[in-house]
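Trainee: My structure is in final37.txt, and what it holds is compact mmCIF, C-alpha atoms:
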```txt
# COMPACT_ATOMS: atom_id res chain seq x y z
CA MET A 1 8.74 16.45 -41.19
CA LYS A 2 12.22 17.83 -40.82
CA THR A 3 10.93 21.39 -40.94
CA LEU A 4 8.29 20.61 -38.36
CA ASN A 5 10.90 19.12 -36.04
CA LYS A 6 13.05 22.19 -36.40
CA ILE A 7 10.12 24.42 -35.57
CA ALA A 8 9.33 22.27 -32.54
CA ILE A 9 12.94 22.44 -31.29
CA VAL A 10 13.08 26.20 -31.76
CA ALA A 11 9.77 26.57 -29.96
CA LEU A 12 10.96 24.42 -27.04
CA LEU A 13 14.19 26.36 -26.79
CA GLY A 14 12.18 29.54 -26.81
CA VAL A 15 10.05 28.29 -23.91
CA ALA A 16 13.13 27.16 -22.01
CA PHE A 17 14.84 30.50 -22.56
CA ALA A 18 11.79 32.42 -21.41
CA ALA A 19 11.57 30.24 -18.29
CA SER A 20 15.20 30.75 -17.28
CA ALA A 21 14.85 34.52 -17.44
CA ALA A 22 11.71 34.84 -15.35
CA VAL A 23 12.43 38.30 -14.01
CA LEU A 24 9.30 39.20 -12.15
CA LYS A 25 7.69 42.60 -12.04
CA THR A 26 7.16 43.66 -8.45
CA ASP A 27 4.07 45.54 -7.37
CA PRO A 28 5.35 48.33 -5.12
CA ALA A 29 1.86 49.18 -3.85
CA LYS A 30 1.40 45.69 -2.41
CA SER A 31 4.99 45.02 -1.36
CA THR A 32 6.51 46.10 1.95
CA VAL A 33 9.87 46.16 3.69
CA THR A 34 9.57 46.61 7.44
CA ALA A 35 12.12 46.78 10.24
CA THR A 36 10.86 45.46 13.57
CA PHE A 37 12.76 46.24 16.74
CA LYS A 38 12.26 46.73 20.44
CA GLN A 39 12.66 50.03 22.26
CA MET A 40 12.58 49.43 26.04
CA ASN A 41 10.75 46.21 25.18
CA VAL A 42 8.17 48.09 23.12
CA PRO A 43 7.86 46.46 19.69
CA ILE A 44 8.00 49.01 16.87
CA ASP A 45 7.31 48.34 13.20
CA ALA A 46 8.82 50.85 10.81
CA LYS A 47 8.20 50.64 7.10
CA PHE A 48 10.62 51.74 4.42
CA LYS A 49 8.56 53.78 1.99
CA LYS A 50 10.99 53.51 -0.93
CA PHE A 51 12.62 50.33 -2.14
CA THR A 52 13.01 48.23 -5.24
CA ALA A 53 13.02 44.46 -5.38
CA ASN A 54 14.20 42.51 -8.41
CA ILE A 55 13.38 38.86 -8.27
CA ASP A 56 14.30 36.41 -10.97
CA TYR A 57 12.38 33.31 -10.07
CA ASP A 58 10.96 30.36 -11.90
CA ALA A 59 9.16 27.75 -9.80
CA ALA A 60 10.45 25.03 -12.14
CA LYS A 61 14.07 26.06 -11.57
CA PRO A 62 14.35 27.52 -8.08
CA ASP A 63 18.14 26.95 -8.02
CA ALA A 64 18.56 29.54 -10.76
CA ALA A 65 16.67 32.18 -8.80
CA LYS A 66 18.28 35.52 -8.03
CA ALA A 67 17.17 38.43 -5.93
CA THR A 68 18.36 41.95 -5.29
CA VAL A 69 16.67 44.44 -3.01
CA GLU A 70 17.56 48.11 -2.64
CA VAL A 71 16.09 50.09 0.19
CA GLU A 72 16.30 53.87 0.55
CA THR A 73 17.54 54.30 4.10
CA GLY A 74 16.15 57.81 4.34
CA SER A 75 12.61 56.55 3.75
CA MET A 76 12.04 54.84 7.11
CA ASP A 77 8.67 55.76 8.55
CA LEU A 78 8.31 55.71 12.33
CA GLY A 79 4.91 57.39 12.13
CA ASP A 80 6.28 60.80 13.11
CA ALA A 81 7.88 63.30 10.74
CA ASP A 82 10.43 64.51 13.34
CA TYR A 83 11.52 60.98 14.22
CA ASN A 84 11.82 60.11 10.53
CA LYS A 85 14.31 62.97 10.13
CA GLU A 86 16.25 61.82 13.19
CA VAL A 87 16.76 58.23 11.97
CA ALA A 88 18.11 59.47 8.63
CA LYS A 89 20.90 61.30 10.52
CA LYS A 90 24.52 60.29 10.93
CA GLU A 91 24.07 58.34 14.18
CA TRP A 92 21.43 56.06 12.64
CA PHE A 93 21.34 55.42 8.87
CA ASN A 94 23.50 58.33 7.73
CA ALA A 95 21.29 58.48 4.64
CA ALA A 96 23.27 61.39 3.18
CA GLN A 97 26.41 59.25 2.88
CA PHE A 98 24.77 55.82 2.59
CA PRO A 99 21.46 56.41 0.82
CA LYS A 100 20.89 52.76 -0.01
CA ALA A 101 20.90 49.48 1.86
CA THR A 102 21.20 46.52 -0.47
CA PHE A 103 20.71 42.80 -0.45
CA VAL A 104 22.16 40.65 -3.22
CA SER A 105 21.52 36.92 -3.20
CA SER A 106 24.39 34.53 -3.79
CA SER A 107 22.47 31.28 -3.56
CA ILE A 108 18.83 30.29 -3.41
CA LYS A 109 18.07 26.67 -2.64
CA PRO A 110 14.72 24.91 -2.45
CA ALA A 111 13.84 23.70 1.04
CA GLY A 112 10.54 21.89 0.65
CA ALA A 113 7.24 22.92 -0.87
CA GLY A 114 6.96 26.70 -1.19
CA LYS A 115 10.14 27.21 0.79
CA LEU A 116 13.56 28.47 -0.18
CA ASN A 117 16.76 29.06 1.71
CA VAL A 118 18.36 32.29 0.68
CA THR A 119 21.97 33.31 1.26
CA GLY A 120 23.43 36.60 0.24
CA LYS A 121 25.17 39.81 1.13
CA LEU A 122 23.42 42.51 3.08
CA THR A 123 24.99 45.97 3.01
CA ILE A 124 23.79 48.71 5.33
CA LYS A 125 25.66 51.92 6.11
CA GLY A 126 28.72 50.69 4.20
CA LYS A 127 29.03 47.44 6.18
CA THR A 128 28.49 44.13 4.42
CA THR A 129 27.68 40.83 6.10
CA ASP A 130 26.53 37.43 4.90
CA VAL A 131 22.99 36.54 5.81
CA THR A 132 20.92 33.40 5.41
CA PHE A 133 17.19 33.29 5.89
CA PRO A 134 14.14 31.23 4.91
CA LEU A 135 11.82 32.54 2.25
CA THR A 136 8.32 31.35 1.43
CA VAL A 137 6.73 31.56 -2.00
CA LYS A 138 3.04 31.39 -2.69
CA THR A 139 1.21 31.65 -5.97
CA GLU A 140 -1.90 33.77 -5.74
CA GLY A 141 -3.62 33.95 -9.11
CA LYS A 142 -1.10 35.39 -11.54
CA THR A 143 1.13 36.77 -8.83
CA GLN A 144 3.84 35.24 -6.72
CA VAL A 145 4.08 36.32 -3.12
CA PHE A 146 7.44 36.15 -1.35
CA ASP A 147 7.69 36.50 2.43
CA GLY A 148 10.86 36.51 4.42
CA ALA A 149 12.35 37.74 7.66
CA VAL A 150 16.04 38.48 8.11
CA PRO A 151 17.26 38.74 11.69
CA ILE A 152 20.18 41.13 12.06
CA LYS A 153 22.15 42.87 14.79
CA ARG A 154 21.91 46.63 14.29
CA LEU A 155 25.30 47.30 15.92
CA ALA A 156 27.04 45.12 13.31
CA TYR A 157 26.14 47.91 10.86
CA ASN A 158 26.79 50.82 13.25
CA ILE A 159 23.11 51.69 13.30
CA GLY A 160 22.72 53.78 16.41
CA GLU A 161 26.05 55.34 17.37
CA GLY A 162 27.19 57.12 20.50
CA GLU A 163 24.62 57.02 23.30
CA TRP A 164 22.34 54.93 21.07
CA LYS A 165 24.73 51.96 21.37
CA ASP A 166 22.90 51.22 24.61
CA THR A 167 20.94 48.05 23.79
CA SER A 168 18.77 48.43 26.90
CA MET A 169 17.22 51.42 25.09
CA VAL A 170 17.04 49.99 21.59
CA ALA A 171 17.67 46.24 21.33
CA ASP A 172 20.48 44.97 19.12
CA ASP A 173 18.15 42.46 17.48
CA VAL A 174 16.25 43.81 14.52
CA THR A 175 14.17 41.81 12.08
CA ILE A 176 13.82 42.99 8.53
CA LYS A 177 10.61 41.61 7.11
CA PHE A 178 9.71 41.76 3.53
CA HIS A 179 6.61 40.94 1.61
CA VAL A 180 7.04 41.11 -2.15
CA VAL A 181 4.16 40.71 -4.55
CA ALA A 182 5.36 40.15 -8.12
CA GLN A 183 4.30 38.68 -11.38
CA MET B 1 -13.59 63.11 64.39
CA PRO B 2 -14.62 60.57 61.72
CA ARG B 3 -11.96 60.20 59.04
CA TYR B 4 -11.63 58.45 55.75
CA THR B 5 -10.35 54.86 56.05
CA LYS B 6 -6.57 54.34 56.02
CA THR B 7 -6.89 52.59 52.64
CA ALA B 8 -8.84 55.51 51.17
CA MET B 9 -6.16 57.92 52.45
CA LEU B 10 -3.35 55.81 51.04
CA LEU B 11 -5.04 55.56 47.63
CA HIS B 12 -5.86 59.28 47.62
CA TRP B 13 -2.32 60.45 48.35
CA LEU B 14 -0.67 57.84 46.16
CA VAL B 15 -2.80 58.87 43.18
CA ALA B 16 -2.18 62.56 44.02
CA LEU B 17 1.61 62.12 44.05
CA LEU B 18 1.55 60.01 40.89
CA ILE B 19 -0.59 62.38 38.85
CA ILE B 20 1.58 65.36 39.85
CA ALA B 21 4.78 63.46 38.96
CA THR B 22 3.30 62.11 35.71
CA PHE B 23 2.11 65.59 34.76
CA PHE B 24 5.52 67.23 35.20
CA LEU B 25 7.34 64.31 33.57
CA GLY B 26 4.97 64.69 30.61
CA LEU B 27 5.68 68.41 30.33
CA SER B 28 9.45 67.92 30.49
CA MET B 29 9.61 64.98 28.06
CA VAL B 30 7.75 66.82 25.30
CA ALA B 31 10.06 69.81 25.80
CA ILE B 32 13.15 67.70 24.89
CA PRO B 33 13.97 68.51 21.25
CA GLY B 34 14.59 65.83 18.62
CA PHE B 35 15.33 62.34 19.75
CA SER B 36 17.39 61.09 22.66
CA PRO B 37 17.54 58.03 24.92
CA THR B 38 16.44 60.22 27.84
CA LYS B 39 13.38 61.37 25.92
CA LEU B 40 12.36 57.82 25.03
CA LYS B 41 12.97 56.67 28.61
CA TYR B 42 10.75 59.47 29.94
CA PHE B 43 8.01 58.53 27.49
CA SER B 44 8.08 54.94 28.73
CA TRP B 45 8.09 56.00 32.39
CA HIS B 46 5.27 58.47 31.77
CA LYS B 47 3.16 55.67 30.27
CA TRP B 48 3.95 53.25 33.11
CA MET B 49 2.95 55.89 35.65
CA GLY B 50 -0.25 56.67 33.75
CA VAL B 51 -1.22 52.98 33.67
CA THR B 52 -0.48 52.79 37.42
CA VAL B 53 -2.84 55.75 38.02
CA LEU B 54 -5.50 53.97 35.98
CA LEU B 55 -5.12 50.75 38.01
CA LEU B 56 -5.23 52.68 41.30
CA ALA B 57 -8.28 54.60 40.02
CA VAL B 58 -10.12 51.30 39.61
CA LEU B 59 -9.16 50.33 43.18
CA ARG B 60 -10.23 53.73 44.47
CA VAL B 61 -13.68 53.50 42.91
CA LEU B 62 -14.12 49.95 44.20
CA TRP B 63 -13.07 51.07 47.68
CA ARG B 64 -15.29 54.17 47.55
CA VAL B 65 -18.45 52.27 46.58
CA THR B 66 -17.91 49.63 49.26
CA HIS B 67 -16.93 51.97 52.11
CA LYS B 68 -18.78 54.92 53.60
CA PRO B 69 -16.93 58.23 53.62
CA PRO B 70 -17.14 60.32 56.81
CA PRO B 71 -20.43 62.30 57.08
CA LYS B 72 -20.74 65.81 55.67
CA LEU B 73 -19.63 68.62 57.95
CA VAL B 74 -22.74 70.52 59.08
CA SER B 75 -20.78 73.78 59.30
CA ILE B 76 -20.45 73.86 55.52
CA PRO B 77 -23.38 75.26 53.51
CA GLU B 78 -25.16 72.87 51.19
CA TRP B 79 -24.23 74.77 47.98
CA GLN B 80 -20.55 74.28 48.84
CA HIS B 81 -21.15 70.55 49.35
CA LYS B 82 -22.72 70.48 45.90
CA ILE B 83 -19.70 72.15 44.31
CA ALA B 84 -17.26 69.90 46.18
CA GLU B 85 -19.21 66.83 45.11
CA GLY B 86 -19.23 68.00 41.49
CA MET B 87 -15.48 68.54 41.66
CA HIS B 88 -14.94 65.07 43.17
CA HIS B 89 -16.95 63.49 40.36
CA LEU B 90 -14.96 65.44 37.78
CA LEU B 91 -11.67 64.31 39.37
CA TYR B 92 -12.80 60.68 39.44
CA LEU B 93 -13.75 60.97 35.77
CA LEU B 94 -10.38 62.53 34.88
CA ILE B 95 -8.21 59.97 36.70
CA PHE B 96 -9.70 57.52 34.18
CA ALA B 97 -10.02 59.75 31.14
CA VAL B 98 -6.49 61.22 31.18
CA PRO B 99 -4.59 57.89 31.24
CA ILE B 100 -7.05 56.23 28.84
CA SER B 101 -6.69 59.08 26.31
CA GLY B 102 -2.89 58.79 26.59
CA TYR B 103 -3.06 55.03 26.14
CA LEU B 104 -5.20 55.36 23.00
CA TYR B 105 -2.95 58.15 21.70
CA SER B 106 0.08 55.87 22.00
CA TYR B 107 -1.64 53.08 20.06
CA ALA B 108 -2.90 55.51 17.37
CA ALA B 109 0.76 56.54 16.97
CA GLY B 110 1.70 52.87 16.48
CA VAL B 111 3.56 52.55 19.78
CA PRO B 112 2.28 49.76 22.04
CA VAL B 113 2.25 50.35 25.80
CA VAL B 114 4.43 47.77 27.56
CA TYR B 115 3.71 48.20 31.26
CA LEU B 116 6.97 48.25 33.27
CA GLY B 117 8.66 46.88 30.15
CA ILE B 118 7.01 43.52 30.90
CA TRP B 119 3.34 43.44 29.96
CA GLN B 120 2.33 44.45 26.48
CA MET B 121 -1.16 45.84 26.84
CA PRO B 122 -3.90 45.07 24.31
CA ALA B 123 -4.13 47.15 21.14
CA PRO B 124 -7.58 48.73 20.77
CA PHE B 125 -7.07 49.57 17.08
CA ALA B 126 -4.51 49.83 14.28
CA PRO B 127 -2.23 52.90 14.03
CA ASP B 128 -4.07 55.86 12.51
CA PRO B 129 -2.41 59.27 11.85
CA GLU B 130 -5.72 61.21 11.90
CA LEU B 131 -6.87 59.61 15.13
CA LYS B 132 -3.39 60.24 16.53
CA ALA B 133 -3.77 64.01 16.02
CA THR B 134 -7.25 64.01 17.59
CA LEU B 135 -6.16 61.96 20.60
CA LYS B 136 -3.08 64.12 21.11
CA THR B 137 -5.34 67.18 21.46
CA LEU B 138 -7.79 65.27 23.64
CA HIS B 139 -5.03 64.02 25.97
CA TYR B 140 -3.69 67.57 26.27
CA VAL B 141 -7.08 69.18 26.94
CA LEU B 142 -8.07 66.53 29.51
CA THR B 143 -4.67 66.83 31.21
CA MET B 144 -4.92 70.61 31.50
CA THR B 145 -8.51 70.31 32.76
CA MET B 146 -7.23 67.89 35.38
CA ALA B 147 -4.36 70.21 36.36
CA ALA B 148 -6.84 73.06 36.90
CA SER B 149 -9.22 70.79 38.85
CA VAL B 150 -6.42 69.49 41.08
CA VAL B 151 -5.32 73.05 41.86
CA ALA B 152 -8.93 74.07 42.68
CA HIS B 153 -9.40 70.94 44.82
CA ALA B 154 -6.17 71.61 46.75
CA LEU B 155 -6.95 75.32 47.22
CA ALA B 156 -10.42 74.45 48.54
CA ALA B 157 -8.90 71.98 51.04
CA LEU B 158 -6.38 74.60 52.20
CA LYS B 159 -9.15 77.23 52.49
CA HIS B 160 -11.12 74.88 54.76
CA HIS B 161 -8.04 74.16 56.83
CA PHE B 162 -6.57 77.63 57.27
CA ILE B 163 -9.50 80.02 56.80
CA ASP B 164 -12.62 78.10 57.88
CA ARG B 165 -10.49 76.10 60.34
CA ASP B 166 -12.66 73.00 59.91
CA VAL B 167 -11.58 69.32 59.72
CA THR B 168 -12.17 68.84 55.96
CA LEU B 169 -8.46 68.30 55.24
CA LYS B 170 -7.69 66.50 58.52
CA ARG B 171 -10.18 63.78 57.62
CA MET B 172 -7.92 62.84 54.72
CA LEU B 173 -4.73 62.98 56.85
CA PRO B 174 -3.60 59.99 58.93
CA LEU B 175 -2.17 62.25 61.69
```
Spit out the file's structure as structure tokens when you get a sec.
Mentor:
Amino acid sequence: MKTLNKIAIVALLGVAFAASAAVLKTDPAKSTVTATFKQMNVPIDAKFKKFTANIDYDAAKPDAAKATVEVETGSMDLGDADYNKEVAKKEWFNAAQFPKATFVSSSIKPAGAGKLNVTGKLTIKGKTTDVTFPLTVKTEGKTQVFDGAVPIKRLAYNIGEGEWKDTSMVADDVTIKFHVVAQ
Amino acid sequence: MPRYTKTAMLLHWLVALLIIATFFLGLSMVAIPGFSPTKLKYFSWHKWMGVTVLLLAVLRVLWRVTHKPPPKLVSIPEWQHKIAEGMHHLLYLLIFAVPISGYLYSYAAGVPVVYLGIWQMPAPFAPDPELKATLKTLHYVLTMTMAASVVAHALAALKHHFIDRDVTLKRMLPL
């Protein structure tokens, strides 16, 4: 009996350990990070072609969840090769000096069924700010699907310098949307 | 001398001025290298002007089918009437085709058209890089066909006015 109990305890601990370290594997082909902004009131969606998302999430223990996202700033796709080169330049992302934009969560709190409130630090072009945004989680088969939208002000990160500071041309409000499929 | 109606004249000259301005704005905006606020502003204005031409084109056709134009001048041989008529049909076709091709090109490129910065016009399809390249060529070819047609149309009007000394052009002038 004693031996059986020991085995049972070890097994339970094993399960608990596995659950607390539920680092998910993201599917880059199905995941997207998109910046949405307005240029003279024209809505533009630009995808970042290269990024990595690391999500450590267990539905049973959402408080222990952690997330980090790294986006390659030089990989923004505006649908035109010339424009893509322009936005990687100094005035916009300055991808040569700041190749990565990062988000690191500091707290993730459950906010109702399938909903989480995420707080963390967003760093773009060397400027870091605290951001809070709602995140939804859905289970689709074996995968978990995370959707979130982070509203930011582009000028807080010096994105668009010089004559591009004009917000009547390109609005200050930008929404970074992400859709992460992981398992 | 019977003339076109005042409304027909107004629509004719308004569309004429707009297509000339839109044409030259289009040429100058694509000549701006790289990326600048001026370039993006010109693109938006060019699209607004194109949509305006399209709206006026609809009005023109509606006006044309509900109002009789002045009768044909008997001094002009029938074969010339035929050519003029063919040219008018081509111009009517192009004042629709050129803005529509530009509109579709913009959507294929993933850039919605927001008329006057207020009204976001309906998206006919999702962005498509292949379609974008095709529509770019189509918009260019149609535009250049229109430029040539407009020049021919204007030269013909001037020929009637200064060489034949008939009232062809006067019928489209309010004076």
Trainee: Compile a residue-level contact table for chain A against chain B at a cut-off of 7 Å, reporting for every qualifying residue the shortest atom pair and its distance in Å to one decimal, with all atoms listed in the file counted, rows ordered by chain and ascending number, as a tab-separated table.
Mentor:
```
residue	atom	partner	partner_atom	distance
A:Met40	CA	B:Gly117	CA	6.2
A:Asn41	CA	B:Gly117	CA	5.4
A:Val42	CA	B:Val114	CA	5.8
A:Pro43	CA	B:Pro112	CA	6.9
A:Ile44	CA	B:Val111	CA	6.4
A:Gly79	CA	B:Ala109	CA	6.4
A:Asp82	CA	B:Gly34	CA	6.9
A:Tyr83	CA	B:Phe35	CA	6.9
A:Glu86	CA	B:Phe35	CA	6.6
A:Trp164	CA	B:Pro37	CA	6.9
A:Met169	CA	B:Pro37	CA	6.6
```
Trainee: Taking all atoms listed in the file into account, which of A:Lys47, A:Lys90, A:Arg154, A:Lys25 comes nearest Gln183 (chain A)?
Mentor: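 Closest residue, counting all atoms listed in the file: A:Lys25.
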Trainee: For region 57-70 of chain B, please output as a PDB file with C-alpha atoms, in the frame of the given file all residues within 10 Å (counting all atoms listed in the file; exclusion window: fewer than 4 positions along the same chain).
Mentor:
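Output saved as around38.pdb:
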```pdb
ATOM      1  CA  MET B   1     -13.590  63.110  64.390  1.00  0.00           C
ATOM      2  CA  PRO B   2     -14.620  60.570  61.720  1.00  0.00           C
ATOM      3  CA  ARG B   3     -11.960  60.200  59.040  1.00  0.00           C
ATOM      4  CA  TYR B   4     -11.630  58.450  55.750  1.00  0.00           C
ATOM      5  CA  THR B   5     -10.350  54.860  56.050  1.00  0.00           C
ATOM      6  CA  THR B   7      -6.890  52.590  52.640  1.00  0.00           C
ATOM      7  CA  ALA B   8      -8.840  55.510  51.170  1.00  0.00           C
ATOM      8  CA  MET B   9      -6.160  57.920  52.450  1.00  0.00           C
ATOM      9  CA  LEU B  10      -3.350  55.810  51.040  1.00  0.00           C
ATOM     10  CA  LEU B  11      -5.040  55.560  47.630  1.00  0.00           C
ATOM     11  CA  HIS B  12      -5.860  59.280  47.620  1.00  0.00           C
ATOM     12  CA  VAL B  15      -2.800  58.870  43.180  1.00  0.00           C
ATOM     13  CA  VAL B  51      -1.220  52.980  33.670  1.00  0.00           C
ATOM     14  CA  THR B  52      -0.480  52.790  37.420  1.00  0.00           C
ATOM     15  CA  VAL B  53      -2.840  55.750  38.020  1.00  0.00           C
ATOM     16  CA  TYR B  92     -12.800  60.680  39.440  1.00  0.00           C
ATOM     17  CA  LEU B  93     -13.750  60.970  35.770  1.00  0.00           C
ATOM     18  CA  LEU B  94     -10.380  62.530  34.880  1.00  0.00           C
ATOM     19  CA  ILE B  95      -8.210  59.970  36.700  1.00  0.00           C
ATOM     20  CA  PHE B  96      -9.700  57.520  34.180  1.00  0.00           C
ATOM     21  CA  THR B 168     -12.170  68.840  55.960  1.00  0.00           C
ATOM     22  CA  ARG B 171     -10.180  63.780  57.620  1.00  0.00           C
ATOM     23  CA  MET B 172      -7.920  62.840  54.720  1.00  0.00           C
TER      24      MET B 172
END
```
Trainee: One decimal, Å: what's the distance from CA of Lys47 (chain B) over to CA of Ala152 (chain B), could you say?
Mentor: 25.3 Å
Trainee: Can you work out the spacing between CA of Val33 (chain A) and CA of Glu72 (chain A) in Å, to one decimal?
Mentor: 10.5 Å
Trainee: Give, as AutoDock Vina command-line options, the centre coordinates and the x, y and z edge lengths in Å to one decimal for an axis-aligned box around all listed atoms of region 28-34 of chain B, padded by 5 Å on each side.
Mentor:
```
--center_x 11.2 --center_y 67.4 --center_z 24.6 --size_x 16.8 --size_y 14.8 --size_z 21.9
```
Trainee: With only C-alpha atoms as the basis for distance, which of A:Ser75, A:Thr68, A:Ser107, A:Thr36 is at the shortest distance from Pro151 (chain A)?
Mentor: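 Selected residue with least distance to Pro151 (chain A): A:Thr36.
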Trainee: Taking the point (24.5, 46.4, 19.8) as given in the file, collect each protein or nucleic acid residue that comes within 9 Å of it, counting all atoms listed in the file, and present the set as a list in words.
Mentor: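 Taken together, the residues in range are Lys153, Arg154, Leu155, Ala156, Asn158, Ile159, Gly160, Trp164, Lys165, Asp166, Thr167, Val170, Ala171, Asp172 and Asp173 of chain A.
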Trainee: Find, counting only C-alpha atoms, the residue in A:Leu116, A:Gln144, A:Ala64, A:Ser168 that gets nearest to Asp27 (chain A).
Mentor: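 Of all the options, A:Gln144 lies closest to Asp27 (chain A).
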Trainee: Using all atoms listed in the file, which of the listed residues (A:Val118, A:Ile124, A:Ala88, A:Leu24) sits closest to Lys142 (chain A)?
Mentor: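 With all atoms listed in the file as the atom set, the closest residue is A:Leu24.
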Trainee: Of the residues A:Lys66, A:Lys61, A:Lys115, A:Lys125, which is the one nearest to Val137 (chain A), using only C-alpha atoms?
Mentor: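 Comparing A:Lys66, A:Lys61, A:Lys115, A:Lys125 against Val137 (chain A), the winner is A:Lys115.
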Trainee: When you draw a straight line from CA of Leu17 (chain B) to CA of Val167 (chain B), how long is it in Å?
Mentor: 21.7 Å
Trainee: Kindly indicate which residue among B:Val74, B:Leu175, B:Ile100, B:Ile163 lies nearest to Thr143 (chain B), using all atoms listed in the file for the distances.
Mentor: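 Ranking B:Val74, B:Leu175, B:Ile100, B:Ile163 by distance to Thr143 (chain B), first place goes to B:Ile100.
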Trainee: Need the shell around Gly126 (chain A): protein/DNA/RNA residues with any atom at most 8 Å away, counting all atoms listed in the file. Skip same-chain ones fewer than 3 positions apart. Format as JSON, numbers by chain?
Mentor: {"A": [98, 123, 157]}
